[in-house]
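Okay, structure first, notes after.
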Amino acid sequence: MIVFDGVTKRYPDGTVAVDDLSLVAPTGKITVLVGPSGCGKTTSLRMVNRMIEPTSGTITLDGRDTARMKESDLRRGMGYVIQHAGLFPHRTVLENVGTVPRLLGWDRKKTDSRARELLERVGLPEAFASRYPSQLSGGQQQRVGVARALAADPPVMLMDEPFSAVDPVVREQLQDEFLRLQGELGKTILFVTHDIDEAIKLGDQVAVLRVGGVLAQLADPAYLLAHPVDDFVADFVGRDRGYRALSFQPTPRLPLRPERTLLLGETPAGVAQDWALVVDDENRPLGWIEPRRVEGAIRTEMLHRGGTVAPASGPLRAALDAALSSPSRRGVIVDDSGSLVGTVRAHEVLNAIEEAARPEVENPANPGASAP
Amino acid sequence: MTWFLDHVDDVLSLAAQHIYLAGLPLLLGLLIALPLGWLARRYRGLYAPFTAGFGLLYTIPSLALFILLPGILGTRILDRNNVLVAMTIYTVALLVRTVADALAAVPADVNQSATAMGYTRLRRFFAVELPLAVPVISAGMRVAAVSNVSIVSVAAIIGIPQLGLLFTDGFRRSFYDPIIVGIAACIVLALLFDLVIIGITRVLTPWQRAAGSAA
């Protein structure tokens with residue numbers, strides 16, 4: 001657990017970067033610091049490992065005042081990941097990952113086997129071990145950065161916009177894997193980003209900071225979307241927050257319909273519907289076709305692939321999106337193995353949303369103060 | 001050519017002296033320039049006075065330095081150490097700025113992540129900053145090496161034996177063969193130093209070649 005207690009950072013020229021910040025980052029949870037540039041989020045992060053010293057206030061780590069700990073010991077006990085990974089260009093991937101274990105005095109053999117284990121864990125092939133960072137793509141470098149931060153199995157991870165410098169597709173992949181990894185490891189994570197979508201996707205709790213380093217609101221993501229504490233937070237959280245809040249609502253039982261399916265190579269003659277769903281041998285959806293316009297056997301290139309596919313286990317946002325994006329207006333719902341369960345229409349999803357309860361307000365008088 | 005063949009042993013012996021007098025100061029100068037360059041990089045206020053001040057040392061005429069040093073060091077005029085000290089001064093003059101700039105060129109995020117992982121300042125210097133500064137420092141060393149090989153020959157005037165003696169000898173006798181051989185030998189030595197520095201740099205920077213072959 002990391003506790004900020006009345007932490008202020010004031011520079012000699014009078015600029016206040018962080019103003020009287022009090023915040024608890026609970027053990028095993030992801031706490032995201034989010035806000036516009038100049039809100040002191042990175043400064044707050046760096047005060048935790050004392051790359052920046054607070055002007056006043058204390059930061060404790062599991063009850064120990066970090067100001068009393070030796071800087072290098074404090075830092076070796078915290079994983080640190082930054083935007084461009086900051087890998088050492090002169091060291092191989094394996095050596096990079098083994099950095100902190102070596103600093104802690106592990107022998108080469110133990111360090112290397114640990115480093116290899118971590119490369120596998122972050123999804124990098126064995127062959128990358130002997131490469132240099134310049135031979136890797138941005139996304140791969142960032143994976144190495146995460147592996148390096150995890151190498152000595154620190155209980156705490158500090159992450160400063162780790163996924164902002166990669167393209168959107170890779171970013172989403174990295175975020176998903178990060179969540180999967182955190183599910184296995186349960187680190188206490190302080191995560192800085194300027195991207196509210198990322199904050200909401202990754203955070204167990206989200207701290208919104210305003211310019212000048214003042215904490216505007218601390219809440220879990222669903223709560224933040226439903227009850228922004230003021231105009232600043234509401235603006236920052238964004239326009240389509242009602243839609244995005246659906247990400248946090250598990251899908252209730254949707255009225256699913258069976259769907260007429262066809263296989264690749266089949267001839268759709270005699271199929272009456274405007275649209276029919278094409279599946280593979282294991283009943284996994286491949287795409288939609290218009291049977292009337294198809295002559296002869298169905299081939300891959302005839303498929304309309306615009307529709308998204310939603311898992312039956314939720315969230316509601318995915319089910320609604322599947323319905324909205326489907327060329328047939330019928331959203332494709334699959335089970336966990338990806339096999340077709342049935343289809344649902346947008347108005348049926350909306351009915352389900354209306355029937356589902358909104359997230360409860362714990363403290364209607366002051367929603368921001370009710371955060372954990 | 002016949003003169004050279006008749007005097008191969010002498011020329012080789014002078015060349016060996018030349019290598020010693022030009023080469024050892026390269027190493028000594030680098031060792032002195034490293035902490036000075038580090039200071040110039042570490043404390044912003046020191047950068048201008050250090051780089052300009054040490055750079056100015058290079059403008060002291062070498063002959064003047066060879067003659068003045070015995071008075072300052074208390075050595076005899078024919079002591080080879082005078083030449084070693086003078087050449088070390090020239091090397092330092094060329095390398096302080098190089099080292100400071102090489103350290104400044106280490107990417108900020110690399111330094112930052114090194115610090116965040118718990119490197120102490122000293123350990124970070126040797127494990128991260130210095131290895132990354134090698135290519136730039138090596139470029140400076142190549143300049144200093146050529147400069148040393150050339151300047152050392154002036155010491156012939158005060159009677160310190162090295163390839164420069166071939167010039168004074170040729171001049172006294174109005175005989176060009178030793179002068180031509182001396183120039184050729186100096187060029188060969190300069191190339192030799194260059195090759196050695198390039199070789200050492202390659203061994204120290206395998207990561208640079210990997211960058212060239214990046215997929």
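Each chain in the structure tokens gets a letter, A, B, ..., in the order shown, and its residues are numbered from 1; ligands are numbered from 1 in order too.
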Which residues of chain A come within 6 Å of chain B, and for each one, what is the closest pair of atoms and their distance in Å to one decimal, counting only C-alpha atoms, sorted by chain and residue number, as a Markdown table?
```
| residue | atom | partner | partner_atom | distance |
| --- | --- | --- | --- | --- |
| A:Ser72 | CA | B:Gly118 | CA | 4.3 |
| A:Arg75 | CA | B:Gly118 | CA | 4.9 |
| A:Arg76 | CA | B:Gly118 | CA | 5.0 |
| A:Gly86 | CA | B:Val110 | CA | 4.5 |
| A:His90 | CA | B:Trp207 | CA | 5.2 |
| A:Ser134 | CA | B:Ala211 | CA | 5.4 |
| A:Gln135 | CA | B:Ala214 | CA | 4.6 |
```
Output file for the residues above (N, CA and C atoms, as a short mmCIF file (atom, residue, chain, number, x, y, z; two decimals), in the first residue's frame):
```cif
data_model
loop_
_atom_site.label_atom_id
_atom_site.label_comp_id
_atom_site.auth_asym_id
_atom_site.auth_seq_id
_atom_site.Cartn_x
_atom_site.Cartn_y
_atom_site.Cartn_z
N SER A 72 18.60 3.95 -3.22
CA SER A 72 18.81 2.84 -4.16
C SER A 72 18.03 1.60 -3.71
N ARG A 75 14.36 2.13 -4.65
CA ARG A 75 14.11 2.02 -6.10
C ARG A 75 14.23 0.59 -6.59
N ARG A 76 15.16 -0.18 -6.00
CA ARG A 76 15.31 -1.56 -6.46
C ARG A 76 14.10 -2.40 -6.08
N GLY A 86 12.93 3.24 -22.26
CA GLY A 86 14.20 3.61 -21.65
C GLY A 86 15.14 2.43 -21.50
N HIS A 90 22.92 -0.44 -25.14
CA HIS A 90 24.16 -1.20 -25.26
C HIS A 90 24.05 -2.58 -24.63
N SER A 134 17.58 -1.76 -30.28
CA SER A 134 17.36 -1.10 -31.57
C SER A 134 16.81 -2.06 -32.62
N GLN A 135 16.90 -3.35 -32.36
CA GLN A 135 16.40 -4.34 -33.32
C GLN A 135 14.93 -4.71 -33.06
#
```
Residues within 9 Å of Ser62 of chain B, only C-alpha atoms, excluding chain neighbours under 2 positions, as a PyMOL selection string: chain B and resi 58-60+64-67+86-87+90+151-152+154-155
With only C-alpha atoms as the counted atoms, please give the residues lying no more than 12 Å from Asp204 of chain A, apart from itself and same-chain residues fewer than 4 positions off, as a ChimeraX atom specification. /A:25-33,179,182-183,186-191,198-200,218-224,248,371-372
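Excluding Gly37 of chain B itself and any same-chain residue fewer than 6 positions from it, the protein and nucleic acid residues within 9 Å of it, counting only C-alpha atoms, are Tyr47, Phe50, Thr51, Leu95, Val96, Arg97, Thr98, Val99, Ala100, Asp101, Ala102 and Leu103 of chain B.
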Identify, on the basis of only C-alpha atoms, every residue whose closest approach to Gln141 of chain A does not exceed 9 Å; exclude the query and any residue fewer than 3 positions from it along the same chain; express the result as a PDB file with C-alpha atoms, in the first residue's frame.
```pdb
ATOM      1  CA  HIS A  84       9.773   4.898 -24.548  1.00  0.00           C
ATOM      2  CA  ALA A  85      10.784   2.003 -22.290  1.00  0.00           C
ATOM      3  CA  GLY A  86      14.200   3.615 -21.650  1.00  0.00           C
ATOM      4  CA  LEU A  87      15.980   0.352 -22.392  1.00  0.00           C
ATOM      5  CA  VAL A  93      17.289  -7.816 -24.220  1.00  0.00           C
ATOM      6  CA  PRO A 133      16.792  -2.877 -28.229  1.00  0.00           C
ATOM      7  CA  SER A 134      17.362  -1.097 -31.569  1.00  0.00           C
ATOM      8  CA  LEU A 136      12.936  -4.357 -31.706  1.00  0.00           C
ATOM      9  CA  SER A 137       9.719  -2.534 -32.585  1.00  0.00           C
ATOM     10  CA  GLY A 138       8.286   0.019 -30.161  1.00  0.00           C
ATOM     11  CA  VAL A 144      10.908  -5.738 -22.532  1.00  0.00           C
ATOM     12  CA  GLY A 145      10.444  -2.630 -20.382  1.00  0.00           C
ATOM     13  CA  VAL A 146       7.646  -4.340 -18.474  1.00  0.00           C
TER      14      VAL A 146
END
```
Would you mind listing what lies within 7 Å of segment 281-295 of chain A as a ChimeraX atom specification, with only C-alpha atoms counted and same-chain residues fewer than 4 positions away left out? /A:268,271,274-277,302-305,338-340
Step one, run DSSP on the backbone; step two, keep only residues of segment 62-192 of chain B assigned to helix (DSSP H, G or I); then write them as a PyMOL selection string. chain B and resi 62-73+80-104+108-116+121-158+164-173+176-192
Quick one: write out the picked residues with C-alpha atoms as a JSON list (two decimals), in the first residue's frame?
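File produced: selection.json:
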```
[["chain", "number", "residue", "atom", "x", "y", "z"],
["B", 62, "SER", "CA", 54.45, 22.79, -28.35],
["B", 63, "LEU", "CA", 58.03, 24.02, -28.53],
["B", 64, "ALA", "CA", 57.30, 26.56, -25.78],
["B", 65, "LEU", "CA", 55.76, 23.83, -23.65],
["B", 66, "PHE", "CA", 58.74, 21.48, -24.12],
["B", 67, "ILE", "CA", 61.09, 24.26, -23.01],
["B", 68, "LEU", "CA", 58.95, 25.56, -20.12],
["B", 69, "LEU", "CA", 57.98, 22.22, -18.55],
["B", 70, "PRO", "CA", 61.40, 21.34, -17.09],
["B", 71, "GLY", "CA", 61.28, 24.60, -15.15],
["B", 72, "ILE", "CA", 57.80, 23.84, -13.85],
["B", 73, "LEU", "CA", 58.27, 20.12, -13.18],
["B", 80, "ARG", "CA", 61.26, 12.21, -21.94],
["B", 81, "ASN", "CA", 58.67, 12.88, -19.24],
["B", 82, "ASN", "CA", 58.49, 16.48, -20.40],
["B", 83, "VAL", "CA", 57.18, 15.29, -23.73],
["B", 84, "LEU", "CA", 54.78, 12.84, -22.11],
["B", 85, "VAL", "CA", 53.35, 15.61, -19.92],
["B", 86, "ALA", "CA", 53.05, 18.04, -22.83],
["B", 87, "MET", "CA", 51.29, 15.50, -25.04],
["B", 88, "THR", "CA", 48.97, 14.57, -22.18],
["B", 89, "ILE", "CA", 48.02, 18.25, -21.86],
["B", 90, "TYR", "CA", 47.17, 18.41, -25.56],
["B", 91, "THR", "CA", 45.12, 15.23, -25.31],
["B", 92, "VAL", "CA", 43.19, 16.58, -22.33],
["B", 93, "ALA", "CA", 42.63, 19.83, -24.24],
["B", 94, "LEU", "CA", 40.99, 17.91, -27.07],
["B", 95, "LEU", "CA", 39.06, 15.40, -24.98],
["B", 96, "VAL", "CA", 37.36, 17.37, -22.18],
["B", 97, "ARG", "CA", 34.75, 18.81, -24.50],
["B", 98, "THR", "CA", 34.38, 15.51, -26.31],
["B", 99, "VAL", "CA", 33.73, 13.62, -23.07],
["B", 100, "ALA", "CA", 31.26, 16.25, -21.82],
["B", 101, "ASP", "CA", 29.35, 16.21, -25.12],
["B", 102, "ALA", "CA", 29.45, 12.42, -25.33],
["B", 103, "LEU", "CA", 27.89, 12.13, -21.87],
["B", 104, "ALA", "CA", 25.32, 14.79, -22.75],
["B", 108, "ALA", "CA", 17.66, 11.25, -20.96],
["B", 109, "ASP", "CA", 15.14, 8.42, -20.65],
["B", 110, "VAL", "CA", 17.95, 5.87, -20.46],
["B", 111, "ASN", "CA", 19.61, 7.77, -17.61],
["B", 112, "GLN", "CA", 16.29, 8.21, -15.94],
["B", 113, "SER", "CA", 15.37, 4.56, -16.04],
["B", 114, "ALA", "CA", 18.84, 3.64, -14.78],
["B", 115, "THR", "CA", 18.32, 5.90, -11.79],
["B", 116, "ALA", "CA", 14.81, 4.59, -11.23],
["B", 121, "ARG", "CA", 25.43, 7.79, -9.53],
["B", 122, "LEU", "CA", 28.90, 6.24, -9.73],
["B", 123, "ARG", "CA", 27.65, 2.86, -10.85],
["B", 124, "ARG", "CA", 25.41, 4.45, -13.45],
["B", 125, "PHE", "CA", 28.42, 6.30, -14.87],
["B", 126, "PHE", "CA", 30.43, 3.15, -15.44],
["B", 127, "ALA", "CA", 27.59, 0.80, -16.37],
["B", 128, "VAL", "CA", 25.42, 3.04, -18.52],
["B", 129, "GLU", "CA", 26.79, 6.48, -19.38],
["B", 130, "LEU", "CA", 30.37, 5.60, -20.21],
["B", 131, "PRO", "CA", 29.57, 2.61, -22.47],
["B", 132, "LEU", "CA", 27.06, 4.72, -24.37],
["B", 133, "ALA", "CA", 29.58, 7.56, -24.71],
["B", 134, "VAL", "CA", 32.22, 5.31, -26.28],
["B", 135, "PRO", "CA", 31.43, 6.06, -29.96],
["B", 136, "VAL", "CA", 31.71, 9.84, -29.49],
["B", 137, "ILE", "CA", 34.76, 9.61, -27.22],
["B", 138, "SER", "CA", 36.38, 7.31, -29.76],
["B", 139, "ALA", "CA", 35.91, 9.92, -32.49],
["B", 140, "GLY", "CA", 37.68, 12.44, -30.24],
["B", 141, "MET", "CA", 40.47, 9.96, -29.53],
["B", 142, "ARG", "CA", 41.10, 9.52, -33.25],
["B", 143, "VAL", "CA", 41.60, 13.26, -33.66],
["B", 144, "ALA", "CA", 43.85, 13.39, -30.60],
["B", 145, "ALA", "CA", 45.89, 10.43, -31.88],
["B", 146, "VAL", "CA", 46.64, 12.08, -35.22],
["B", 147, "SER", "CA", 47.43, 15.34, -33.48],
["B", 148, "ASN", "CA", 49.81, 13.64, -31.03],
["B", 149, "VAL", "CA", 51.67, 11.74, -33.74],
["B", 150, "SER", "CA", 52.22, 15.02, -35.53],
["B", 151, "ILE", "CA", 53.13, 17.23, -32.56],
["B", 152, "VAL", "CA", 55.53, 14.78, -30.92],
["B", 153, "SER", "CA", 57.96, 15.20, -33.83],
["B", 154, "VAL", "CA", 58.64, 18.78, -32.71],
["B", 155, "ALA", "CA", 60.40, 17.35, -29.64],
["B", 156, "ALA", "CA", 63.28, 16.50, -31.96],
["B", 157, "ILE", "CA", 64.37, 20.12, -31.68],
["B", 158, "ILE", "CA", 65.09, 19.65, -27.99],
["B", 164, "GLY", "CA", 61.11, 13.87, -35.72],
["B", 165, "LEU", "CA", 64.88, 13.30, -35.56],
["B", 166, "LEU", "CA", 64.71, 12.24, -39.20],
["B", 167, "PHE", "CA", 63.48, 15.74, -40.08],
["B", 168, "THR", "CA", 66.17, 17.61, -38.15],
["B", 169, "ASP", "CA", 68.78, 15.21, -39.48],
["B", 170, "GLY", "CA", 67.64, 15.68, -43.07],
["B", 171, "PHE", "CA", 67.46, 19.44, -42.62],
["B", 172, "ARG", "CA", 70.98, 19.69, -41.20],
["B", 173, "ARG", "CA", 72.44, 17.66, -44.06],
["B", 176, "TYR", "CA", 65.74, 14.59, -48.28],
["B", 177, "ASP", "CA", 65.63, 10.80, -47.93],
["B", 178, "PRO", "CA", 65.23, 10.73, -44.12],
["B", 179, "ILE", "CA", 62.61, 13.50, -44.29],
["B", 180, "ILE", "CA", 60.51, 11.55, -46.77],
["B", 181, "VAL", "CA", 60.91, 8.35, -44.77],
["B", 182, "GLY", "CA", 59.96, 10.28, -41.60],
["B", 183, "ILE", "CA", 56.79, 11.66, -43.16],
["B", 184, "ALA", "CA", 55.82, 8.24, -44.48],
["B", 185, "ALA", "CA", 56.47, 6.66, -41.10],
["B", 186, "CYS", "CA", 54.35, 9.31, -39.35],
["B", 187, "ILE", "CA", 51.47, 8.65, -41.72],
["B", 188, "VAL", "CA", 51.77, 4.91, -41.16],
["B", 189, "LEU", "CA", 51.79, 5.47, -37.38],
["B", 190, "ALA", "CA", 48.75, 7.73, -37.53],
["B", 191, "LEU", "CA", 46.89, 5.08, -39.54],
["B", 192, "LEU", "CA", 48.01, 2.44, -37.06]]
```
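Closest approach to Gly296 of chain A from the set A:Ala272, A:Ala216, A:Leu264, A:Ala319 is made by A:Leu264, with distances taken over only C-alpha atoms.
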Picked from segment 274-334 of chain A by DSSP as strand (DSSP E or B), as an mmCIF file with C-alpha atoms, in the first residue's frame:
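selection_3.cif was written with the following content:
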```cif
data_model
loop_
_atom_site.group_PDB
_atom_site.id
_atom_site.type_symbol
_atom_site.label_atom_id
_atom_site.label_comp_id
_atom_site.auth_asym_id
_atom_site.auth_seq_id
_atom_site.Cartn_x
_atom_site.Cartn_y
_atom_site.Cartn_z
ATOM 1 C CA ALA A 276 -27.183 -15.136 -43.318
ATOM 2 C CA LEU A 277 -24.246 -15.790 -41.021
ATOM 3 C CA VAL A 278 -21.307 -17.865 -42.272
ATOM 4 C CA VAL A 279 -19.480 -19.966 -39.664
ATOM 5 C CA PRO A 285 -18.741 -16.757 -36.891
ATOM 6 C CA LEU A 286 -16.757 -15.663 -39.960
ATOM 7 C CA GLY A 287 -18.976 -12.971 -41.479
ATOM 8 C CA TRP A 288 -22.333 -12.141 -43.022
ATOM 9 C CA ILE A 289 -23.495 -12.679 -46.610
ATOM 10 C CA HIS A 304 -19.032 -8.809 -44.847
ATOM 11 C CA VAL A 309 -18.640 -10.077 -32.038
ATOM 12 C CA ALA A 310 -19.585 -9.908 -28.355
ATOM 13 C CA PRO A 311 -19.007 -12.555 -25.691
ATOM 14 C CA ARG A 330 -28.379 -8.510 -35.590
ATOM 15 C CA GLY A 331 -25.483 -8.548 -33.102
ATOM 16 C CA VAL A 332 -23.487 -11.780 -32.985
ATOM 17 C CA ILE A 333 -23.058 -13.246 -29.506
ATOM 18 C CA VAL A 334 -20.512 -16.015 -28.855
#
```
